[in-house]
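Written out below as structure tokens is the structure these notes cover.
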Amino acid sequence: MRYYVTADIHGFYTPFIKALKESGYFEDTGEKKLLICGDLFDRGKEAEKVQRFVVKNRDDLILIRGNHEDLFCEMVERDQGLAYYHHVANGTYQTALMLTGYDPTMARIQHWDFAEAARETPYYKEIIPSMLDFFETEKYIFVHGWIPCIAEPFYCRIPDWRTASEEAWNLARWINGMDAARAGVIEDDKTIICGHWHCSYGHSNFEGRGSEFGEDADFSPYYGKGIIALDACTARSKKVNVIVVED
């Protein structure tokens, strides 16, 4: 099987499709899957296009749940559509506006109805429920942030991470995988492919190549021992990373 792997599209449909074209995804007529390691929305302004693409191509996709999927559920379930600061700052509120077509003023006034409309979107009703905590093949493990582990006060591997609790997976989606891998939280016989944290972090801090966000920042995939990180920080780089692996 050939896997085209990406992460952290964050609502940037145009660079996402461009990256797929450059990878040869659309011309590939062989056995393949497109695997997205979480965070479909919450930065770019093309959320509706991303949603349509995912729904239309659902049978060809493997979707991993990201922390921004958790944020969307939190906003429409627990917080009932209220425009709390972290929902606005993370882009979650804007995503819900785009996917529902709600008028921003009315969304604030009728936040219960706004939340209900968000719960009726394909993103909430179909896409998020189909997402996995992780996907595993013979050579690779695909996650969003990292596999569940002890992260504080220092990183420590737990042997039964595959059967970790929902709470543990919720926390794992926020972990910087490059830091965790550097600390030794890896699978010796497999490579973990993740998103969530900008690749320039690893290039800058572990390879001494460029800064994290300056003009010299390198947002290309980060390859380290036991890890491939894919988050291109598209809001800044205007690019989406796509790699191709065989397994």
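Order determines the names: the first chain of the structure tokens is A, the second B, and so forth; residues in each chain are numbered 1 upward, and ligands are numbered 1 upward as they are shown.
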Which parts of segment 60-192 of chain A does DSSP call strand (DSSP E or B) when run on the backbone here, written out as a PDB file with N, CA, C and O atoms, in the first residue's frame?
```pdb
ATOM      1  N   LEU A  61      -9.615   7.943   2.396  1.00  0.00           N
ATOM      2  CA  LEU A  61      -8.897   8.646   3.457  1.00  0.00           C
ATOM      3  C   LEU A  61      -8.786   7.820   4.730  1.00  0.00           C
ATOM      4  O   LEU A  61      -9.667   7.026   5.063  1.00  0.00           O
ATOM      5  N   ILE A  62      -7.695   8.050   5.437  1.00  0.00           N
ATOM      6  CA  ILE A  62      -7.546   7.611   6.823  1.00  0.00           C
ATOM      7  C   ILE A  62      -7.309   8.886   7.623  1.00  0.00           C
ATOM      8  O   ILE A  62      -6.374   9.646   7.340  1.00  0.00           O
ATOM      9  N   LEU A  63      -8.167   9.138   8.597  1.00  0.00           N
ATOM     10  CA  LEU A  63      -8.125  10.391   9.338  1.00  0.00           C
ATOM     11  C   LEU A  63      -7.730  10.155  10.794  1.00  0.00           C
ATOM     12  O   LEU A  63      -8.329   9.325  11.480  1.00  0.00           O
ATOM     13  N   ILE A  64      -6.725  10.887  11.237  1.00  0.00           N
ATOM     14  CA  ILE A  64      -6.303  10.863  12.636  1.00  0.00           C
ATOM     15  C   ILE A  64      -6.857  12.107  13.330  1.00  0.00           C
ATOM     16  O   ILE A  64      -6.849  13.203  12.759  1.00  0.00           O
ATOM     17  N   LEU A 132      -9.450   8.393  13.964  1.00  0.00           N
ATOM     18  CA  LEU A 132      -8.756   7.448  14.828  1.00  0.00           C
ATOM     19  C   LEU A 132      -7.761   8.174  15.728  1.00  0.00           C
ATOM     20  O   LEU A 132      -7.241   9.224  15.363  1.00  0.00           O
ATOM     21  N   PHE A 135      -3.070   5.203  13.746  1.00  0.00           N
ATOM     22  CA  PHE A 135      -3.152   4.163  12.725  1.00  0.00           C
ATOM     23  C   PHE A 135      -1.770   3.534  12.626  1.00  0.00           C
ATOM     24  O   PHE A 135      -0.765   4.240  12.651  1.00  0.00           O
ATOM     25  N   GLU A 136      -1.735   2.225  12.520  1.00  0.00           N
ATOM     26  CA  GLU A 136      -0.450   1.527  12.579  1.00  0.00           C
ATOM     27  C   GLU A 136      -0.304   0.553  11.426  1.00  0.00           C
ATOM     28  O   GLU A 136      -1.239  -0.158  11.066  1.00  0.00           O
ATOM     29  N   TYR A 140       5.183   1.810  10.340  1.00  0.00           N
ATOM     30  CA  TYR A 140       4.869   3.172  10.780  1.00  0.00           C
ATOM     31  C   TYR A 140       3.720   3.220  11.786  1.00  0.00           C
ATOM     32  O   TYR A 140       2.828   2.367  11.788  1.00  0.00           O
ATOM     33  N   ILE A 141       3.747   4.270  12.603  1.00  0.00           N
ATOM     34  CA  ILE A 141       2.643   4.629  13.489  1.00  0.00           C
ATOM     35  C   ILE A 141       2.293   6.076  13.167  1.00  0.00           C
ATOM     36  O   ILE A 141       3.173   6.950  13.155  1.00  0.00           O
ATOM     37  N   PHE A 142       1.038   6.337  12.899  1.00  0.00           N
ATOM     38  CA  PHE A 142       0.590   7.675  12.525  1.00  0.00           C
ATOM     39  C   PHE A 142      -0.248   8.260  13.668  1.00  0.00           C
ATOM     40  O   PHE A 142      -1.231   7.644  14.097  1.00  0.00           O
ATOM     41  N   CYS A 149       2.201   9.264  26.620  1.00  0.00           N
ATOM     42  CA  CYS A 149       3.400   9.046  27.427  1.00  0.00           C
ATOM     43  C   CYS A 149       3.337   9.982  28.624  1.00  0.00           C
ATOM     44  O   CYS A 149       2.445  10.827  28.728  1.00  0.00           O
ATOM     45  N   ILE A 150       4.279   9.828  29.518  1.00  0.00           N
ATOM     46  CA  ILE A 150       4.422  10.785  30.611  1.00  0.00           C
ATOM     47  C   ILE A 150       5.254  11.938  30.081  1.00  0.00           C
ATOM     48  O   ILE A 150       6.383  11.744  29.626  1.00  0.00           O
ATOM     49  N   CYS A 156       8.674  10.241  29.508  1.00  0.00           N
ATOM     50  CA  CYS A 156       8.885   8.844  29.881  1.00  0.00           C
ATOM     51  C   CYS A 156       7.895   7.973  29.120  1.00  0.00           C
ATOM     52  O   CYS A 156       6.693   8.259  29.095  1.00  0.00           O
ATOM     53  N   ARG A 157       8.383   6.935  28.496  1.00  0.00           N
ATOM     54  CA  ARG A 157       7.551   6.052  27.698  1.00  0.00           C
ATOM     55  C   ARG A 157       6.675   5.184  28.587  1.00  0.00           C
ATOM     56  O   ARG A 157       7.089   4.763  29.660  1.00  0.00           O
ATOM     57  N   THR A 191       8.693   3.839  12.826  1.00  0.00           N
ATOM     58  CA  THR A 191       8.807   5.291  12.771  1.00  0.00           C
ATOM     59  C   THR A 191       7.446   5.903  13.047  1.00  0.00           C
ATOM     60  O   THR A 191       6.445   5.474  12.470  1.00  0.00           O
ATOM     61  N   ILE A 192       7.405   6.877  13.934  1.00  0.00           N
ATOM     62  CA  ILE A 192       6.168   7.568  14.245  1.00  0.00           C
ATOM     63  C   ILE A 192       6.085   8.821  13.366  1.00  0.00           C
ATOM     64  O   ILE A 192       6.999   9.645  13.352  1.00  0.00           O
TER      65      ILE A 192
END
```
Report as a compact mmCIF listing (two decimals) with all heavy atoms, in the first residue's frame all protein, DNA and RNA residues lying within 10 Å of Leu71 of chain A, evaluated on only C-alpha atoms, omitting residues in the same chain fewer than 5 positions from it.
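File produced: around26.txt:
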```txt
# COMPACT_ATOMS: atom_id res chain seq x y z
N ASP A 39 -6.05 17.92 12.58
CA ASP A 39 -6.18 19.37 12.42
C ASP A 39 -6.55 19.76 10.99
O ASP A 39 -5.77 20.39 10.27
CB ASP A 39 -4.89 20.09 12.86
CG ASP A 39 -4.74 20.13 14.37
OD1 ASP A 39 -5.55 19.51 15.07
OD2 ASP A 39 -3.79 20.79 14.84
N ASP A 42 -9.19 25.49 11.26
CA ASP A 42 -8.87 26.48 12.30
C ASP A 42 -7.65 27.35 12.03
O ASP A 42 -6.89 27.63 12.96
CB ASP A 42 -8.70 25.81 13.68
CG ASP A 42 -9.96 25.18 14.20
OD1 ASP A 42 -10.97 25.24 13.49
OD2 ASP A 42 -9.93 24.62 15.30
N GLY A 66 -7.01 15.28 15.66
CA GLY A 66 -6.06 16.25 16.19
C GLY A 66 -6.63 17.05 17.35
O GLY A 66 -7.82 16.96 17.67
N VAL A 76 -18.67 23.41 20.76
CA VAL A 76 -20.08 23.22 20.42
C VAL A 76 -20.81 22.34 21.44
O VAL A 76 -22.04 22.35 21.48
CB VAL A 76 -20.24 22.63 19.01
CG1 VAL A 76 -19.56 23.53 17.99
CG2 VAL A 76 -19.71 21.20 18.91
N GLU A 77 -20.08 21.61 22.26
CA GLU A 77 -20.72 20.76 23.27
C GLU A 77 -20.72 21.44 24.64
O GLU A 77 -21.76 21.83 25.16
CB GLU A 77 -20.01 19.41 23.35
CG GLU A 77 -20.14 18.57 22.09
CD GLU A 77 -19.25 17.34 22.12
OE1 GLU A 77 -18.51 17.15 23.11
OE2 GLU A 77 -19.26 16.57 21.14
N HIS A 86 -10.13 31.58 23.78
CA HIS A 86 -9.29 30.54 23.18
C HIS A 86 -9.95 29.93 21.95
O HIS A 86 -9.25 29.46 21.05
CB HIS A 86 -8.92 29.46 24.20
CG HIS A 86 -10.05 28.61 24.67
ND1 HIS A 86 -11.02 29.06 25.53
CD2 HIS A 86 -10.37 27.32 24.40
CE1 HIS A 86 -11.88 28.10 25.77
NE2 HIS A 86 -11.52 27.02 25.10
N HIS A 87 -11.27 29.96 21.85
CA HIS A 87 -11.94 29.48 20.64
C HIS A 87 -11.69 30.44 19.48
O HIS A 87 -11.50 30.01 18.34
CB HIS A 87 -13.43 29.33 20.88
CG HIS A 87 -13.79 28.27 21.87
ND1 HIS A 87 -13.17 27.04 21.90
CD2 HIS A 87 -14.70 28.25 22.87
CE1 HIS A 87 -13.68 26.31 22.87
NE2 HIS A 87 -14.61 27.03 23.48
N ASN A 90 -7.73 30.36 18.59
CA ASN A 90 -7.32 29.15 17.90
C ASN A 90 -7.98 28.97 16.53
O ASN A 90 -7.68 28.02 15.81
CB ASN A 90 -7.61 27.92 18.77
CG ASN A 90 -6.58 27.73 19.85
OD1 ASN A 90 -5.39 27.64 19.58
ND2 ASN A 90 -7.03 27.67 21.10
N GLY A 91 -8.90 29.86 16.19
CA GLY A 91 -9.57 29.78 14.90
C GLY A 91 -10.79 28.89 14.87
O GLY A 91 -11.45 28.77 13.84
N THR A 92 -11.11 28.26 16.00
CA THR A 92 -12.23 27.33 16.05
C THR A 92 -13.56 28.03 15.79
O THR A 92 -14.43 27.51 15.07
CB THR A 92 -12.28 26.63 17.42
OG1 THR A 92 -10.97 26.17 17.75
CG2 THR A 92 -13.23 25.46 17.40
N TYR A 93 -13.72 29.19 16.39
CA TYR A 93 -14.97 29.94 16.24
C TYR A 93 -15.18 30.33 14.77
O TYR A 93 -16.28 30.19 14.23
CB TYR A 93 -14.92 31.19 17.12
CG TYR A 93 -16.26 31.85 17.32
CD1 TYR A 93 -17.17 31.35 18.25
CD2 TYR A 93 -16.62 32.98 16.59
CE1 TYR A 93 -18.40 31.95 18.44
CE2 TYR A 93 -17.85 33.58 16.78
CZ TYR A 93 -18.75 33.07 17.71
OH TYR A 93 -19.96 33.67 17.89
```
Original post:
To one decimal place, how far is atom CA of Asn57 of chain A from atom CA of Gly81 of chain A in Å?
Top reply: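 That distance, rounded to one decimal, is 28.6 Å.
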Kindly assemble as a Markdown table a list of the segment 70-189 of chain A residues that lie within 10 Å of segment 203-218 of chain A, each paired with its nearest atom pair and their distance in Å to one decimal, using only C-alpha atoms, sorted first by chain and then by ascending residue number.
```
| residue | atom | partner | partner_atom | distance |
| --- | --- | --- | --- | --- |
| A:Met178 | CA | A:Phe206 | CA | 9.0 |
| A:Asp179 | CA | A:Phe206 | CA | 9.4 |
| A:Arg182 | CA | A:Phe206 | CA | 8.7 |
```
**OP:** Using DSSP on the backbone coordinates, identify all residues within segment 89-209 of chain A classified as alpha helix (DSSP H); present the result as JSON, numbers by chain.
**Re:** {"A": [89, 92, 93, 94, 95, 96, 97, 98, 99, 100, 104, 105, 106, 107, 108, 109, 111, 112, 113, 114, 115, 116, 117, 118, 119, 122, 166, 167, 168, 169, 170, 171, 172, 177, 178, 179, 180, 181, 182, 200, 201, 202, 203, 204, 205, 206]}
Original post:
Using only C-alpha atoms, which residue out of A:Cys37, A:Ile243, A:Cys199, A:Val185 lies closest to Lys225 of chain A?
Top reply: A:Val185
Original post:
Which is closer to Tyr13 of chain A than all the others in A:Ser130, A:Gln110, A:Thr29, A:Gln51, using only C-alpha atoms?
Top reply: A:Gln51
Original post:
Can you tell me how far atom CA of His68 of chain A sits from atom CA of Phe41 of chain A, in Å to one decimal?
Top reply: 7.2 Å
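The protein and nucleic acid residues lying at most 9 Å from Ile227 of chain A are Gly177, Met178, Ala181, Ile186, Lys190, Thr191, Ile192, Ile193, Cys194 and Tyr222 of chain A, with only C-alpha atoms considered and sequence neighbours fewer than 5 positions away removed.
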**OP:** Go through A:Glu246, A:Glu126, A:Asp160, A:Glu166 one by one, measure the shortest atom-to-atom distance of each to Lys56 of chain A using only C-alpha atoms, and give the residue with the smallest value.
**Re:**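 That would be A:Glu126, the residue with the smallest distance to Lys56 of chain A.
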Subject >> Option closest in space to His144 of chain A, from A:Lys125, A:Arg173, A:Arg2, A:Lys18 [counting only C-alpha atoms] >> reply: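 Selected residue with least distance to His144 of chain A: A:Arg173.
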**OP:** Using only C-alpha atoms, find the one residue out of A:Ser23, A:Asn176, A:Thr105, A:Thr95 that sits nearest to Thr6 of chain A.
**Re:** A:Ser23
**OP:** Using only C-alpha atoms, pick whichever of A:Asp79, A:Asp189, A:Asp113, A:Asp8 has the shortest atom-to-atom distance to Lys238 of chain A.
**Re:** A:Asp8
Original post:
To one decimal place, how far is atom CA of Phe16 of chain A from atom CA of Lys239 of chain A in Å?
Top reply: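 Separation between atom CA of Phe16 of chain A and atom CA of Lys239 of chain A: 7.4 Å.
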Original post:
Do you know which residues are at most 10 Å from Val244 of chain A counting only C-alpha atoms, after dropping those on the same chain fewer than 6 positions away, and could you put them as a ChimeraX atom specification?
Top reply: /A:2-6,23-25,32-35
Residue subset to file, keeping all heavy atoms, as a JSON list (two decimals), in the first residue's frame:
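What follows is the written file out.json:
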```json
[["chain", "number", "residue", "atom", "x", "y", "z"],
["A", 2, "ARG", "N", 0.47, 2.22, -0.81],
["A", 2, "ARG", "CA", 1.17, 3.50, -0.83],
["A", 2, "ARG", "C", 0.34, 4.52, -0.04],
["A", 2, "ARG", "O", -0.84, 4.69, -0.30],
["A", 2, "ARG", "CB", 1.38, 3.98, -2.26],
["A", 2, "ARG", "CG", 2.21, 5.26, -2.38],
["A", 2, "ARG", "CD", 2.49, 5.63, -3.84],
["A", 2, "ARG", "NE", 3.30, 4.60, -4.48],
["A", 2, "ARG", "CZ", 2.86, 3.78, -5.44],
["A", 2, "ARG", "NH1", 1.61, 3.89, -5.87],
["A", 2, "ARG", "NH2", 3.65, 2.88, -5.97],
["A", 3, "TYR", "N", 0.99, 5.16, 0.92],
["A", 3, "TYR", "CA", 0.32, 6.15, 1.75],
["A", 3, "TYR", "C", 0.86, 7.54, 1.44],
["A", 3, "TYR", "O", 2.07, 7.79, 1.51],
["A", 3, "TYR", "CB", 0.54, 5.86, 3.24],
["A", 3, "TYR", "CG", -0.06, 4.57, 3.71],
["A", 3, "TYR", "CD1", 0.71, 3.40, 3.76],
["A", 3, "TYR", "CD2", -1.40, 4.50, 4.10],
["A", 3, "TYR", "CE1", 0.16, 2.20, 4.19],
["A", 3, "TYR", "CE2", -1.95, 3.30, 4.52],
["A", 3, "TYR", "CZ", -1.17, 2.15, 4.57],
["A", 3, "TYR", "OH", -1.71, 0.96, 4.98],
["A", 4, "TYR", "N", -0.06, 8.44, 1.08],
["A", 4, "TYR", "CA", 0.27, 9.85, 0.95],
["A", 4, "TYR", "C", -0.12, 10.48, 2.29],
["A", 4, "TYR", "O", -1.28, 10.44, 2.69],
["A", 4, "TYR", "CB", -0.52, 10.48, -0.20],
["A", 4, "TYR", "CG", -0.06, 10.00, -1.56],
["A", 4, "TYR", "CD1", -0.45, 8.75, -2.06],
["A", 4, "TYR", "CD2", 0.78, 10.78, -2.35],
["A", 4, "TYR", "CE1", -0.02, 8.30, -3.29],
["A", 4, "TYR", "CE2", 1.22, 10.34, -3.60],
["A", 4, "TYR", "CZ", 0.81, 9.10, -4.06],
["A", 4, "TYR", "OH", 1.25, 8.65, -5.29],
["A", 5, "VAL", "N", 0.86, 11.04, 2.97],
["A", 5, "VAL", "CA", 0.66, 11.45, 4.36],
["A", 5, "VAL", "C", 0.85, 12.95, 4.52],
["A", 5, "VAL", "O", 1.84, 13.52, 4.04],
["A", 5, "VAL", "CB", 1.63, 10.72, 5.30],
["A", 5, "VAL", "CG1", 1.22, 10.94, 6.76],
["A", 5, "VAL", "CG2", 1.70, 9.23, 4.98],
["A", 6, "THR", "N", -0.10, 13.58, 5.19],
["A", 6, "THR", "CA", -0.03, 15.00, 5.47],
["A", 6, "THR", "C", -0.60, 15.26, 6.85],
["A", 6, "THR", "O", -1.09, 14.35, 7.52],
["A", 6, "THR", "CB", -0.78, 15.81, 4.38],
["A", 6, "THR", "OG1", -0.55, 17.21, 4.60],
["A", 6, "THR", "CG2", -2.28, 15.54, 4.44],
["A", 23, "SER", "N", 2.90, 15.85, -5.23],
["A", 23, "SER", "CA", 3.30, 14.52, -4.77],
["A", 23, "SER", "C", 2.92, 13.42, -5.74],
["A", 23, "SER", "O", 3.38, 12.28, -5.60],
["A", 23, "SER", "CB", 2.65, 14.23, -3.41],
["A", 23, "SER", "OG", 1.25, 13.99, -3.55],
["A", 24, "GLY", "N", 2.07, 13.73, -6.72],
["A", 24, "GLY", "CA", 1.61, 12.74, -7.68],
["A", 24, "GLY", "C", 0.39, 11.98, -7.26],
["A", 24, "GLY", "O", 0.00, 10.99, -7.89],
["A", 25, "TYR", "N", -0.29, 12.47, -6.22],
["A", 25, "TYR", "CA", -1.44, 11.74, -5.67],
["A", 25, "TYR", "C", -2.55, 11.54, -6.69],
["A", 25, "TYR", "O", -3.09, 10.43, -6.82],
["A", 25, "TYR", "CB", -1.98, 12.50, -4.46],
["A", 25, "TYR", "CG", -3.25, 11.90, -3.88],
["A", 25, "TYR", "CD1", -3.20, 10.75, -3.11],
["A", 25, "TYR", "CD2", -4.49, 12.48, -4.13],
["A", 25, "TYR", "CE1", -4.36, 10.18, -2.59],
["A", 25, "TYR", "CE2", -5.65, 11.92, -3.62],
["A", 25, "TYR", "CZ", -5.58, 10.77, -2.85],
["A", 25, "TYR", "OH", -6.72, 10.21, -2.36],
["A", 32, "LYS", "N", -3.67, 2.93, -2.98],
["A", 32, "LYS", "CA", -3.17, 4.07, -2.20],
["A", 32, "LYS", "C", -4.22, 4.52, -1.19],
["A", 32, "LYS", "O", -5.40, 4.20, -1.31],
["A", 32, "LYS", "CB", -2.83, 5.24, -3.12],
["A", 32, "LYS", "CG", -4.06, 5.81, -3.82],
["A", 32, "LYS", "CD", -3.73, 6.97, -4.75],
["A", 32, "LYS", "CE", -5.00, 7.51, -5.40],
["A", 32, "LYS", "NZ", -4.74, 8.60, -6.35],
["A", 33, "LYS", "N", -3.75, 5.27, -0.20],
["A", 33, "LYS", "CA", -4.60, 5.94, 0.77],
["A", 33, "LYS", "C", -4.00, 7.30, 1.07],
["A", 33, "LYS", "O", -2.78, 7.47, 1.10],
["A", 33, "LYS", "CB", -4.70, 5.14, 2.07],
["A", 33, "LYS", "CG", -5.56, 3.88, 2.00],
["A", 33, "LYS", "CD", -7.04, 4.20, 1.95],
["A", 33, "LYS", "CE", -7.89, 2.95, 1.99],
["A", 33, "LYS", "NZ", -9.34, 3.25, 1.92],
["A", 34, "LEU", "N", -4.87, 8.27, 1.31],
["A", 34, "LEU", "CA", -4.43, 9.57, 1.79],
["A", 34, "LEU", "C", -4.66, 9.60, 3.29],
["A", 34, "LEU", "O", -5.79, 9.40, 3.75],
["A", 34, "LEU", "CB", -5.23, 10.69, 1.11],
["A", 34, "LEU", "CG", -5.00, 12.11, 1.63],
["A", 34, "LEU", "CD1", -3.53, 12.51, 1.54],
["A", 34, "LEU", "CD2", -5.88, 13.11, 0.86],
["A", 35, "LEU", "N", -3.60, 9.82, 4.04],
["A", 35, "LEU", "CA", -3.67, 9.77, 5.50],
["A", 35, "LEU", "C", -3.38, 11.16, 6.05],
["A", 35, "LEU", "O", -2.32, 11.73, 5.78],
["A", 35, "LEU", "CB", -2.65, 8.75, 6.03],
["A", 35, "LEU", "CG", -2.88, 8.21, 7.43],
["A", 35, "LEU", "CD1", -2.27, 6.84, 7.60],
["A", 35, "LEU", "CD2", -2.36, 9.16, 8.49]]
```
